[in-house]
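Trainee: One structure coming up, written as structure tokens, with questions to follow.
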Amino acid sequence: MRLESRDVALEGLAAELEGLRIAHLSDFHLGVPGRTTHAVEAAVDWIERRQPDLTLVSGDLLTRARGEETLRRLLPRLPNAYGILGNHDLAISRDPFVERTFLRDLSPVRLLSDEGVTIDTRGRMYIAGADPRSKWVKSRPQLRDLAVGRDEADLRILILHYPDLVRGLPRDAFDLIVAGHMHDGQICVPYPGGKLRLAHPRAPYWHGLYRTHGGVMHVSAGLGTTFVPFRFAARPEATELVLQGAV
């Protein structure tokens with residue numbers, strides 16, 4: 001399992017936000033067999049010890065309803081947390097294990113669904129979260145409607161489940177974007193200098209930091225699994241993003 005802190009350089013970062021620590025978690029997939037629960041508990045333990053300024057959760061919390069008791073026990077331990085749902089939470093998946101869990105609230109984690117909030121934490125921060133159904137349902141609000149200008153917040157953050165949705169953003173829409181869904185391929189075949197990801201092999205974003213036209217994006221490898229209850233050459237992870245001004 002990977003528990004790591006990563007520096008993230010952002011253009012125009014306000015001086016008071018230098019060193020701001022943001023924990024990013026994704027893809028718990030609780031309620032299925034395997035080591036998923038152990039990985040999620042280890043990640044929450046680590047974040048609780050580090051006490052970041054902000055915690056962001058980018059969806060797919062449950063695969064089956066029997067994981068909800070564990071989820072409710074762990075969520076209150078995440079400091080200053082905001083999150084979204086993923087496709088598994090809504091049973092939008094070909095995964096044979098998935099069942100709709102009807103999550104409606106993640107208290108005390110603030111659930112964002114095609115909406116944004118402004119908070120004051122070492123500066124004025126705007127945090128928006130996209131409902132995963134926006135990927136298919138054209139009548140839902142578009143991602144561009146969630147964006148705000150630089151004059152409206154010192155730091156603009158977007159939580160996505162699907163990283164490829166970043167392509168629908170206007171240029172410079174957000175300073176930081178976090179996403180999940182990809183599991184870093186979950187089952188991979190390593191080769192010298194890289195690896196073949198068997199899940200979504202043609203995807204543009206798998207894992208790590210990307211500089212996109214819509215903002216700097218971090219894609220988490222997540223903590224759980226889908227379809228089969230194991231990973232290979234794609235370790236589960238929790239990440240602390242430490243903001244730095246771009247030089």
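Numbering starts fresh at 1 for the residues of each chain in the structure tokens, the chains themselves are lettered A, B, ... in the order given, and ligands are numbered from 1 as they appear.
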What are the nearest atom pairs, with distances in Å to one decimal, for all residues of segment 85-176 of chain A that come at most 12 Å from segment 201-207 of chain A, using only C-alpha atoms, set out by chain and rising residue number as a Markdown table?

Mentor:
```
| residue | atom | partner | partner_atom | distance |
| --- | --- | --- | --- | --- |
| A:Tyr162 | CA | A:Tyr205 | CA | 9.5 |
| A:Pro163 | CA | A:Tyr205 | CA | 6.6 |
| A:Asp164 | CA | A:Tyr205 | CA | 6.9 |
| A:Leu165 | CA | A:Tyr205 | CA | 10.4 |
| A:Val166 | CA | A:Tyr205 | CA | 10.0 |
| A:Arg167 | CA | A:Pro204 | CA | 10.3 |
```

Trainee: Residues at most 7 Å from segment 46-62 of chain A, counting only C-alpha atoms, excluding those fewer than 5 positions away in the same chain, as a compact mmCIF listing (two decimals) with all heavy atoms, in the first residue's frame?

Mentor:
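Final output, saved to selection_25.txt:
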```
# COMPACT_ATOMS: atom_id res chain seq x y z
N LEU A 20 -0.34 24.34 2.25
CA LEU A 20 -1.64 23.78 2.58
C LEU A 20 -1.65 22.28 2.24
O LEU A 20 -1.22 21.88 1.16
CB LEU A 20 -2.74 24.48 1.79
CG LEU A 20 -4.17 24.09 2.18
CD1 LEU A 20 -4.64 24.94 3.36
CD2 LEU A 20 -5.12 24.25 1.00
N ARG A 21 -2.13 21.46 3.16
CA ARG A 21 -2.10 20.01 2.97
C ARG A 21 -3.52 19.48 2.72
O ARG A 21 -4.42 19.72 3.52
CB ARG A 21 -1.48 19.33 4.19
CG ARG A 21 -0.01 19.70 4.37
CD ARG A 21 0.63 19.01 5.56
NE ARG A 21 -0.02 19.38 6.80
CZ ARG A 21 -0.62 18.54 7.64
NH1 ARG A 21 -0.66 17.24 7.37
NH2 ARG A 21 -1.16 18.97 8.76
N ILE A 22 -3.67 18.78 1.60
CA ILE A 22 -4.97 18.25 1.19
C ILE A 22 -4.85 16.74 1.02
O ILE A 22 -4.10 16.26 0.16
CB ILE A 22 -5.44 18.89 -0.13
CG1 ILE A 22 -5.57 20.41 0.02
CG2 ILE A 22 -6.76 18.26 -0.58
CD1 ILE A 22 -5.90 21.12 -1.28
N ALA A 23 -5.59 15.99 1.82
CA ALA A 23 -5.61 14.53 1.67
C ALA A 23 -6.60 14.16 0.57
O ALA A 23 -7.69 14.73 0.47
CB ALA A 23 -6.01 13.86 2.97
N HIS A 24 -6.20 13.19 -0.27
CA HIS A 24 -7.08 12.72 -1.35
C HIS A 24 -7.26 11.21 -1.24
O HIS A 24 -6.30 10.44 -1.27
CB HIS A 24 -6.47 13.07 -2.72
CG HIS A 24 -7.33 12.62 -3.87
ND1 HIS A 24 -6.80 12.43 -5.13
CD2 HIS A 24 -8.66 12.32 -3.96
CE1 HIS A 24 -7.77 12.03 -5.94
NE2 HIS A 24 -8.90 11.95 -5.26
N LEU A 25 -8.52 10.80 -1.09
CA LEU A 25 -8.90 9.39 -1.04
C LEU A 25 -9.90 9.11 -2.14
O LEU A 25 -10.69 9.99 -2.53
CB LEU A 25 -9.56 9.06 0.30
CG LEU A 25 -8.73 9.17 1.57
CD1 LEU A 25 -9.61 8.94 2.79
CD2 LEU A 25 -7.59 8.18 1.55
N SER A 26 -9.94 7.85 -2.61
CA SER A 26 -10.90 7.51 -3.64
C SER A 26 -11.17 6.02 -3.66
O SER A 26 -10.37 5.22 -3.17
CB SER A 26 -10.36 7.96 -5.02
OG SER A 26 -11.39 7.95 -5.98
N ASP A 27 -12.32 5.65 -4.22
CA ASP A 27 -12.64 4.27 -4.59
C ASP A 27 -12.46 3.28 -3.43
O ASP A 27 -11.66 2.35 -3.51
CB ASP A 27 -11.77 3.85 -5.79
CG ASP A 27 -12.10 4.70 -7.01
OD1 ASP A 27 -13.00 4.31 -7.76
OD2 ASP A 27 -11.47 5.76 -7.18
N PHE A 28 -13.24 3.47 -2.38
CA PHE A 28 -13.20 2.55 -1.23
C PHE A 28 -13.77 1.17 -1.61
O PHE A 28 -13.25 0.15 -1.17
CB PHE A 28 -14.05 3.09 -0.08
CG PHE A 28 -13.56 4.37 0.54
CD1 PHE A 28 -12.49 5.09 0.02
CD2 PHE A 28 -14.22 4.88 1.65
CE1 PHE A 28 -12.07 6.27 0.62
CE2 PHE A 28 -13.81 6.06 2.25
CZ PHE A 28 -12.75 6.76 1.73
N HIS A 29 -14.87 1.17 -2.35
CA HIS A 29 -15.54 -0.08 -2.78
C HIS A 29 -15.80 -1.03 -1.60
O HIS A 29 -15.55 -2.24 -1.68
CB HIS A 29 -14.72 -0.78 -3.87
CG HIS A 29 -14.72 -0.04 -5.16
ND1 HIS A 29 -15.81 -0.03 -6.00
CD2 HIS A 29 -13.77 0.75 -5.75
CE1 HIS A 29 -15.54 0.72 -7.06
NE2 HIS A 29 -14.31 1.21 -6.93
N LEU A 30 -16.30 -0.47 -0.52
CA LEU A 30 -16.57 -1.29 0.66
C LEU A 30 -17.77 -2.21 0.42
O LEU A 30 -18.68 -1.90 -0.35
CB LEU A 30 -16.84 -0.39 1.86
CG LEU A 30 -15.63 0.40 2.38
CD1 LEU A 30 -16.08 1.48 3.34
CD2 LEU A 30 -14.63 -0.54 3.05
N GLY A 31 -17.74 -3.35 1.11
CA GLY A 31 -18.85 -4.28 1.05
C GLY A 31 -18.60 -5.52 0.21
O GLY A 31 -19.49 -6.36 0.07
N GLY A 67 -21.32 -2.76 3.30
CA GLY A 67 -20.15 -1.97 3.66
C GLY A 67 -20.49 -0.65 4.31
O GLY A 67 -19.60 0.06 4.78
N GLU A 68 -21.78 -0.30 4.38
CA GLU A 68 -22.15 1.03 4.87
C GLU A 68 -21.82 1.21 6.35
O GLU A 68 -21.42 2.31 6.77
CB GLU A 68 -23.63 1.32 4.62
CG GLU A 68 -24.00 2.74 5.00
CD GLU A 68 -25.36 3.16 4.49
OE1 GLU A 68 -26.02 2.37 3.77
OE2 GLU A 68 -25.78 4.28 4.81
N ARG A 77 -13.84 10.35 11.01
CA ARG A 77 -12.42 10.50 11.36
C ARG A 77 -11.64 11.30 10.32
O ARG A 77 -10.45 11.59 10.54
CB ARG A 77 -11.79 9.12 11.55
CG ARG A 77 -12.41 8.33 12.69
CD ARG A 77 -11.95 6.89 12.71
NE ARG A 77 -10.50 6.81 12.76
CZ ARG A 77 -9.81 5.69 12.52
NH1 ARG A 77 -10.46 4.57 12.22
NH2 ARG A 77 -8.49 5.69 12.59
N LEU A 78 -12.28 11.68 9.23
CA LEU A 78 -11.59 12.43 8.17
C LEU A 78 -11.71 13.93 8.45
O LEU A 78 -12.81 14.46 8.53
CB LEU A 78 -12.20 12.11 6.81
CG LEU A 78 -12.08 10.65 6.35
CD1 LEU A 78 -12.83 10.45 5.04
CD2 LEU A 78 -10.61 10.24 6.22
N PRO A 79 -10.59 14.64 8.59
CA PRO A 79 -10.65 16.06 8.95
C PRO A 79 -11.17 16.94 7.81
O PRO A 79 -10.73 16.81 6.67
CB PRO A 79 -9.17 16.40 9.25
CG PRO A 79 -8.46 15.10 9.36
CD PRO A 79 -9.21 14.13 8.52
N ASN A 80 -12.12 17.81 8.13
CA ASN A 80 -12.59 18.85 7.21
C ASN A 80 -12.82 18.26 5.82
O ASN A 80 -12.20 18.68 4.83
CB ASN A 80 -11.58 19.99 7.15
CG ASN A 80 -12.17 21.25 6.55
OD1 ASN A 80 -13.38 21.41 6.43
ND2 ASN A 80 -11.31 22.16 6.14
N ALA A 81 -13.74 17.31 5.70
CA ALA A 81 -13.84 16.50 4.50
C ALA A 81 -15.02 16.87 3.61
O ALA A 81 -16.11 17.20 4.09
CB ALA A 81 -13.94 15.02 4.89
N TYR A 82 -14.78 16.76 2.29
CA TYR A 82 -15.78 16.99 1.25
C TYR A 82 -15.68 15.83 0.26
O TYR A 82 -14.58 15.33 -0.01
CB TYR A 82 -15.51 18.31 0.53
CG TYR A 82 -15.66 19.50 1.43
CD1 TYR A 82 -14.64 19.85 2.33
CD2 TYR A 82 -16.83 20.26 1.45
CE1 TYR A 82 -14.78 20.93 3.20
CE2 TYR A 82 -16.97 21.34 2.30
CZ TYR A 82 -15.95 21.66 3.18
OH TYR A 82 -16.09 22.71 4.05
N GLY A 83 -16.81 15.41 -0.28
CA GLY A 83 -16.76 14.26 -1.17
C GLY A 83 -17.90 14.24 -2.17
O GLY A 83 -18.84 15.03 -2.11
N ILE A 84 -17.77 13.30 -3.11
CA ILE A 84 -18.80 13.07 -4.12
C ILE A 84 -19.10 11.57 -4.16
O ILE A 84 -18.36 10.76 -3.57
CB ILE A 84 -18.36 13.55 -5.52
CG1 ILE A 84 -17.12 12.77 -5.98
CG2 ILE A 84 -18.12 15.04 -5.53
CD1 ILE A 84 -16.74 13.02 -7.43
N LEU A 85 -20.14 11.20 -4.87
CA LEU A 85 -20.43 9.79 -5.14
C LEU A 85 -19.77 9.38 -6.45
O LEU A 85 -19.39 10.22 -7.28
CB LEU A 85 -21.93 9.56 -5.22
CG LEU A 85 -22.75 9.90 -3.97
CD1 LEU A 85 -24.22 9.59 -4.21
CD2 LEU A 85 -22.23 9.17 -2.74
N GLY A 86 -19.65 8.06 -6.63
CA GLY A 86 -19.14 7.52 -7.88
C GLY A 86 -20.17 6.63 -8.54
O GLY A 86 -21.28 6.44 -8.03
N ASN A 87 -19.81 6.07 -9.67
CA ASN A 87 -20.78 5.25 -10.41
C ASN A 87 -21.20 4.00 -9.63
O ASN A 87 -22.35 3.56 -9.71
CB ASN A 87 -20.22 4.86 -11.78
CG ASN A 87 -18.93 4.07 -11.70
OD1 ASN A 87 -17.95 4.52 -11.12
ND2 ASN A 87 -18.91 2.88 -12.30
N HIS A 88 -20.30 3.41 -8.82
CA HIS A 88 -20.69 2.23 -8.05
C HIS A 88 -21.71 2.57 -6.97
O HIS A 88 -22.58 1.76 -6.66
CB HIS A 88 -19.45 1.57 -7.41
CG HIS A 88 -18.79 0.58 -8.30
ND1 HIS A 88 -18.11 0.94 -9.43
CD2 HIS A 88 -18.72 -0.78 -8.23
CE1 HIS A 88 -17.63 -0.14 -10.01
NE2 HIS A 88 -18.00 -1.19 -9.32
N ASP A 89 -21.60 3.76 -6.40
CA ASP A 89 -22.57 4.17 -5.38
C ASP A 89 -23.98 4.24 -5.96
O ASP A 89 -24.97 4.13 -5.24
CB ASP A 89 -22.19 5.53 -4.80
CG ASP A 89 -20.82 5.52 -4.16
OD1 ASP A 89 -20.56 4.60 -3.36
OD2 ASP A 89 -20.00 6.41 -4.46
N ILE A 159 -13.81 18.29 -7.49
CA ILE A 159 -13.76 16.85 -7.22
C ILE A 159 -14.56 16.14 -8.31
O ILE A 159 -15.76 16.39 -8.48
CB ILE A 159 -14.36 16.49 -5.84
CG1 ILE A 159 -13.81 17.41 -4.74
CG2 ILE A 159 -14.06 15.03 -5.51
CD1 ILE A 159 -14.50 17.21 -3.39
N LEU A 160 -13.87 15.28 -9.06
CA LEU A 160 -14.49 14.47 -10.11
C LEU A 160 -14.37 13.00 -9.73
O LEU A 160 -13.47 12.61 -8.99
CB LEU A 160 -13.77 14.65 -11.45
CG LEU A 160 -13.83 16.00 -12.14
CD1 LEU A 160 -12.95 15.96 -13.40
CD2 LEU A 160 -15.26 16.34 -12.52
N HIS A 161 -15.23 12.16 -10.28
CA HIS A 161 -14.98 10.73 -10.21
C HIS A 161 -14.24 10.27 -11.47
O HIS A 161 -13.22 9.61 -11.39
CB HIS A 161 -16.26 9.94 -10.03
CG HIS A 161 -16.00 8.47 -9.83
ND1 HIS A 161 -15.28 7.98 -8.77
CD2 HIS A 161 -16.32 7.38 -10.59
CE1 HIS A 161 -15.17 6.67 -8.87
NE2 HIS A 161 -15.78 6.28 -9.97
N VAL A 178 -9.22 16.81 -8.44
CA VAL A 178 -8.92 15.46 -7.96
C VAL A 178 -9.94 14.50 -8.54
O VAL A 178 -11.12 14.84 -8.70
CB VAL A 178 -8.87 15.37 -6.42
CG1 VAL A 178 -7.76 16.25 -5.85
CG2 VAL A 178 -10.22 15.70 -5.80
N ALA A 179 -9.48 13.29 -8.89
CA ALA A 179 -10.35 12.30 -9.52
C ALA A 179 -9.89 10.90 -9.13
O ALA A 179 -8.82 10.72 -8.53
CB ALA A 179 -10.32 12.47 -11.04
N GLY A 180 -10.69 9.91 -9.48
CA GLY A 180 -10.36 8.51 -9.16
C GLY A 180 -10.75 7.60 -10.29
O GLY A 180 -10.38 7.81 -11.44
```

Trainee: Check the DSSP output for the backbone and give back, as JSON, numbers by chain, the residues of segment 22-221 of chain A in helix (DSSP H, G or I).

Mentor: {"A": [36, 37, 38, 39, 40, 41, 42, 43, 44, 45, 46, 47, 48, 49, 50, 65, 66, 67, 68, 69, 70, 71, 72, 73, 74, 75, 76, 77, 88, 89, 90, 132, 133, 134, 135, 143, 144, 145, 146, 150, 151, 152, 163, 164, 165, 166, 167, 168, 183, 184, 185]}

Trainee: Let's have the selection written as a compact mmCIF listing (two decimals), in the first residue's frame, with N, CA and C atoms.

Mentor:
```
# COMPACT_ATOMS: atom_id res chain seq x y z
N THR A 36 -10.01 -4.93 0.83
CA THR A 36 -10.45 -3.55 0.68
C THR A 36 -10.63 -2.84 2.02
N THR A 37 -11.36 -3.46 2.95
CA THR A 37 -11.62 -2.82 4.24
C THR A 37 -10.32 -2.52 4.97
N HIS A 38 -9.36 -3.44 4.93
CA HIS A 38 -8.07 -3.21 5.58
C HIS A 38 -7.38 -2.00 4.97
N ALA A 39 -7.39 -1.87 3.65
CA ALA A 39 -6.74 -0.74 2.98
C ALA A 39 -7.40 0.58 3.35
N VAL A 40 -8.73 0.61 3.38
CA VAL A 40 -9.44 1.85 3.71
C VAL A 40 -9.17 2.24 5.16
N GLU A 41 -9.21 1.28 6.06
CA GLU A 41 -8.94 1.59 7.47
C GLU A 41 -7.51 2.10 7.66
N ALA A 42 -6.54 1.50 6.97
CA ALA A 42 -5.14 1.97 7.08
C ALA A 42 -5.01 3.39 6.56
N ALA A 43 -5.70 3.70 5.45
CA ALA A 43 -5.64 5.05 4.88
C ALA A 43 -6.26 6.07 5.83
N VAL A 44 -7.41 5.74 6.42
CA VAL A 44 -8.06 6.67 7.35
C VAL A 44 -7.20 6.86 8.60
N ASP A 45 -6.59 5.80 9.11
CA ASP A 45 -5.67 5.92 10.26
C ASP A 45 -4.57 6.92 9.95
N TRP A 46 -3.98 6.79 8.76
CA TRP A 46 -2.86 7.64 8.35
C TRP A 46 -3.28 9.10 8.24
N ILE A 47 -4.43 9.34 7.62
CA ILE A 47 -4.91 10.71 7.46
C ILE A 47 -5.29 11.31 8.81
N GLU A 48 -5.90 10.53 9.66
CA GLU A 48 -6.26 11.03 10.99
C GLU A 48 -5.02 11.44 11.77
N ARG A 49 -3.95 10.69 11.64
CA ARG A 49 -2.70 11.06 12.33
C ARG A 49 -2.10 12.33 11.75
N ARG A 50 -2.18 12.50 10.45
CA ARG A 50 -1.54 13.65 9.81
C ARG A 50 -2.35 14.94 9.97
N ALA A 65 -24.27 -2.79 -0.02
CA ALA A 65 -24.81 -2.09 1.15
C ALA A 65 -24.20 -2.57 2.46
N ARG A 66 -23.73 -3.80 2.52
CA ARG A 66 -23.18 -4.29 3.79
C ARG A 66 -21.90 -3.56 4.20
N GLY A 67 -21.32 -2.76 3.30
CA GLY A 67 -20.15 -1.97 3.66
C GLY A 67 -20.49 -0.65 4.31
N GLU A 68 -21.78 -0.30 4.38
CA GLU A 68 -22.15 1.03 4.87
C GLU A 68 -21.82 1.21 6.35
N GLU A 69 -21.96 0.18 7.16
CA GLU A 69 -21.64 0.31 8.58
C GLU A 69 -20.17 0.71 8.76
N THR A 70 -19.28 0.07 8.02
CA THR A 70 -17.85 0.43 8.09
C THR A 70 -17.63 1.85 7.60
N LEU A 71 -18.29 2.22 6.51
CA LEU A 71 -18.15 3.58 5.98
C LEU A 71 -18.58 4.61 7.01
N ARG A 72 -19.72 4.40 7.66
CA ARG A 72 -20.22 5.36 8.64
C ARG A 72 -19.30 5.47 9.85
N ARG A 73 -18.62 4.40 10.16
CA ARG A 73 -17.68 4.41 11.28
C ARG A 73 -16.41 5.20 10.95
N LEU A 74 -15.99 5.17 9.67
CA LEU A 74 -14.72 5.78 9.29
C LEU A 74 -14.84 7.24 8.88
N LEU A 75 -15.94 7.62 8.26
CA LEU A 75 -16.05 8.98 7.72
C LEU A 75 -15.85 10.07 8.77
N PRO A 76 -16.37 9.93 10.01
CA PRO A 76 -16.17 11.01 10.98
C PRO A 76 -14.72 11.25 11.36
N ARG A 77 -13.84 10.35 11.01
CA ARG A 77 -12.42 10.50 11.36
C ARG A 77 -11.64 11.30 10.32
N HIS A 88 -20.30 3.41 -8.82
CA HIS A 88 -20.69 2.23 -8.05
C HIS A 88 -21.71 2.57 -6.97
N ASP A 89 -21.60 3.76 -6.40
CA ASP A 89 -22.57 4.17 -5.38
C ASP A 89 -23.98 4.24 -5.96
N LEU A 90 -24.06 4.44 -7.27
CA LEU A 90 -25.35 4.56 -7.96
C LEU A 90 -25.66 3.32 -8.79
N PRO A 132 -21.52 11.95 -10.71
CA PRO A 132 -21.02 11.13 -11.82
C PRO A 132 -22.01 10.95 -12.96
N ARG A 133 -23.31 11.15 -12.69
CA ARG A 133 -24.31 10.99 -13.75
C ARG A 133 -24.19 12.07 -14.82
N SER A 134 -23.45 13.14 -14.52
CA SER A 134 -23.24 14.18 -15.52
C SER A 134 -22.51 13.65 -16.75
N LYS A 135 -21.86 12.50 -16.62
CA LYS A 135 -21.14 11.91 -17.75
C LYS A 135 -22.10 11.47 -18.85
N LEU A 143 -20.12 20.75 -16.42
CA LEU A 143 -18.98 21.07 -15.56
C LEU A 143 -18.61 22.54 -15.65
N ARG A 144 -18.75 23.12 -16.84
CA ARG A 144 -18.36 24.53 -16.97
C ARG A 144 -19.20 25.43 -16.06
N ASP A 145 -20.40 24.96 -15.69
CA ASP A 145 -21.26 25.76 -14.81
C ASP A 145 -20.76 25.76 -13.36
N LEU A 146 -19.87 24.83 -13.03
CA LEU A 146 -19.33 24.77 -11.67
C LEU A 146 -18.12 25.69 -11.49
N ARG A 150 -10.94 33.52 -10.99
CA ARG A 150 -9.87 33.68 -10.00
C ARG A 150 -10.18 34.79 -9.00
N ASP A 151 -10.97 35.77 -9.41
CA ASP A 151 -11.30 36.87 -8.50
C ASP A 151 -12.31 36.46 -7.42
N GLU A 152 -12.91 35.24 -7.55
CA GLU A 152 -13.92 34.81 -6.61
C GLU A 152 -13.39 33.90 -5.51
N PRO A 163 -11.82 10.96 -14.41
CA PRO A 163 -10.82 11.97 -14.79
C PRO A 163 -10.98 12.48 -16.21
N ASP A 164 -11.53 11.68 -17.14
CA ASP A 164 -11.63 12.15 -18.51
C ASP A 164 -12.64 13.28 -18.67
N LEU A 165 -13.48 13.52 -17.65
CA LEU A 165 -14.41 14.64 -17.72
C LEU A 165 -13.70 15.99 -17.73
N VAL A 166 -12.42 15.98 -17.38
CA VAL A 166 -11.67 17.24 -17.38
C VAL A 166 -11.68 17.87 -18.77
N ARG A 167 -11.88 17.06 -19.79
CA ARG A 167 -11.88 17.59 -21.15
C ARG A 167 -13.06 18.52 -21.42
N GLY A 168 -14.09 18.47 -20.56
CA GLY A 168 -15.23 19.35 -20.72
C GLY A 168 -15.11 20.67 -19.99
N HIS A 183 -8.17 3.16 -10.73
CA HIS A 183 -7.48 2.12 -9.96
C HIS A 183 -6.06 1.87 -10.47
N ASP A 184 -5.51 2.83 -11.22
CA ASP A 184 -4.19 2.65 -11.86
C ASP A 184 -4.14 1.38 -12.70
N GLY A 185 -5.28 0.98 -13.24
CA GLY A 185 -5.35 -0.23 -14.06
C GLY A 185 -5.75 -1.48 -13.29
```

Trainee: Could you check the closest approach to Ala234 of chain A for each of A:Ala246, A:Ala153, A:Met1, A:Leu17 and tell me which residue wins, using only C-alpha atoms?

Mentor: A:Met1

Trainee: Need the shell around Gly208 of chain A: protein/DNA/RNA residues with any atom at most 9 Å away, counting only C-alpha atoms. Skip same-chain ones fewer than 3 positions apart. Format as a ChimeraX atom specification?

Mentor: /A:184,205,217-221

Trainee: When distances are computed from only C-alpha atoms, which of A:Leu155, A:Ala199, A:Val216, A:Leu111 shows the smallest separation from Met182 of chain A?

Mentor: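 The answer is A:Ala199, which sits nearest to Met182 of chain A.
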
Trainee: As number ranges by chain, list the residues of segment 16-142 of chain A assigned to strand (DSSP E) by DSSP on the backbone atoms of this structure.

Mentor: A: 21-25, 54-58, 81-84, 110-111, 115-120, 124-129

Trainee: Using only C-alpha atoms, please write the residues we just selected to a file, as a PDB file, in the first residue's frame.

Mentor:
```pdb
ATOM      1  CA  ARG A  21      -2.104  20.007   2.971  1.00  0.00           C
ATOM      2  CA  ILE A  22      -4.972  18.250   1.190  1.00  0.00           C
ATOM      3  CA  ALA A  23      -5.609  14.529   1.667  1.00  0.00           C
ATOM      4  CA  HIS A  24      -7.076  12.722  -1.350  1.00  0.00           C
ATOM      5  CA  LEU A  25      -8.901   9.393  -1.037  1.00  0.00           C
ATOM      6  CA  LEU A  54      -8.657  19.472   3.998  1.00  0.00           C
ATOM      7  CA  THR A  55      -9.757  15.982   2.923  1.00  0.00           C
ATOM      8  CA  LEU A  56     -11.263  15.229  -0.502  1.00  0.00           C
ATOM      9  CA  VAL A  57     -13.006  11.955  -1.398  1.00  0.00           C
ATOM     10  CA  SER A  58     -13.637  11.291  -5.094  1.00  0.00           C
ATOM     11  CA  ALA A  81     -13.844  16.496   4.499  1.00  0.00           C
ATOM     12  CA  TYR A  82     -15.776  16.985   1.251  1.00  0.00           C
ATOM     13  CA  GLY A  83     -16.759  14.264  -1.171  1.00  0.00           C
ATOM     14  CA  ILE A  84     -18.798  13.065  -4.116  1.00  0.00           C
ATOM     15  CA  ARG A 110     -20.035  17.318   3.061  1.00  0.00           C
ATOM     16  CA  LEU A 111     -21.510  15.616  -0.010  1.00  0.00           C
ATOM     17  CA  GLU A 115     -22.585  22.171  -6.667  1.00  0.00           C
ATOM     18  CA  GLY A 116     -19.864  24.224  -5.032  1.00  0.00           C
ATOM     19  CA  VAL A 117     -19.241  25.782  -1.634  1.00  0.00           C
ATOM     20  CA  THR A 118     -16.921  28.545  -0.472  1.00  0.00           C
ATOM     21  CA  ILE A 119     -15.035  28.148   2.797  1.00  0.00           C
ATOM     22  CA  ASP A 120     -12.322  30.067   4.639  1.00  0.00           C
ATOM     23  CA  ARG A 124     -11.010  31.768   0.560  1.00  0.00           C
ATOM     24  CA  MET A 125     -11.433  28.353  -1.065  1.00  0.00           C
ATOM     25  CA  TYR A 126     -14.108  27.241  -3.502  1.00  0.00           C
ATOM     26  CA  ILE A 127     -14.758  23.471  -3.617  1.00  0.00           C
ATOM     27  CA  ALA A 128     -17.028  21.992  -6.291  1.00  0.00           C
ATOM     28  CA  GLY A 129     -18.126  18.395  -6.731  1.00  0.00           C
TER      29      GLY A 129
END
```

Trainee: Residues at most 10 Å from segment 10-13 of chain A, counting only C-alpha atoms, excluding those fewer than 3 positions away in the same chain, as a PyMOL selection string?

Mentor: chain A and resi 7+16-18+150+154-155+175-176+211+215-216+243-247
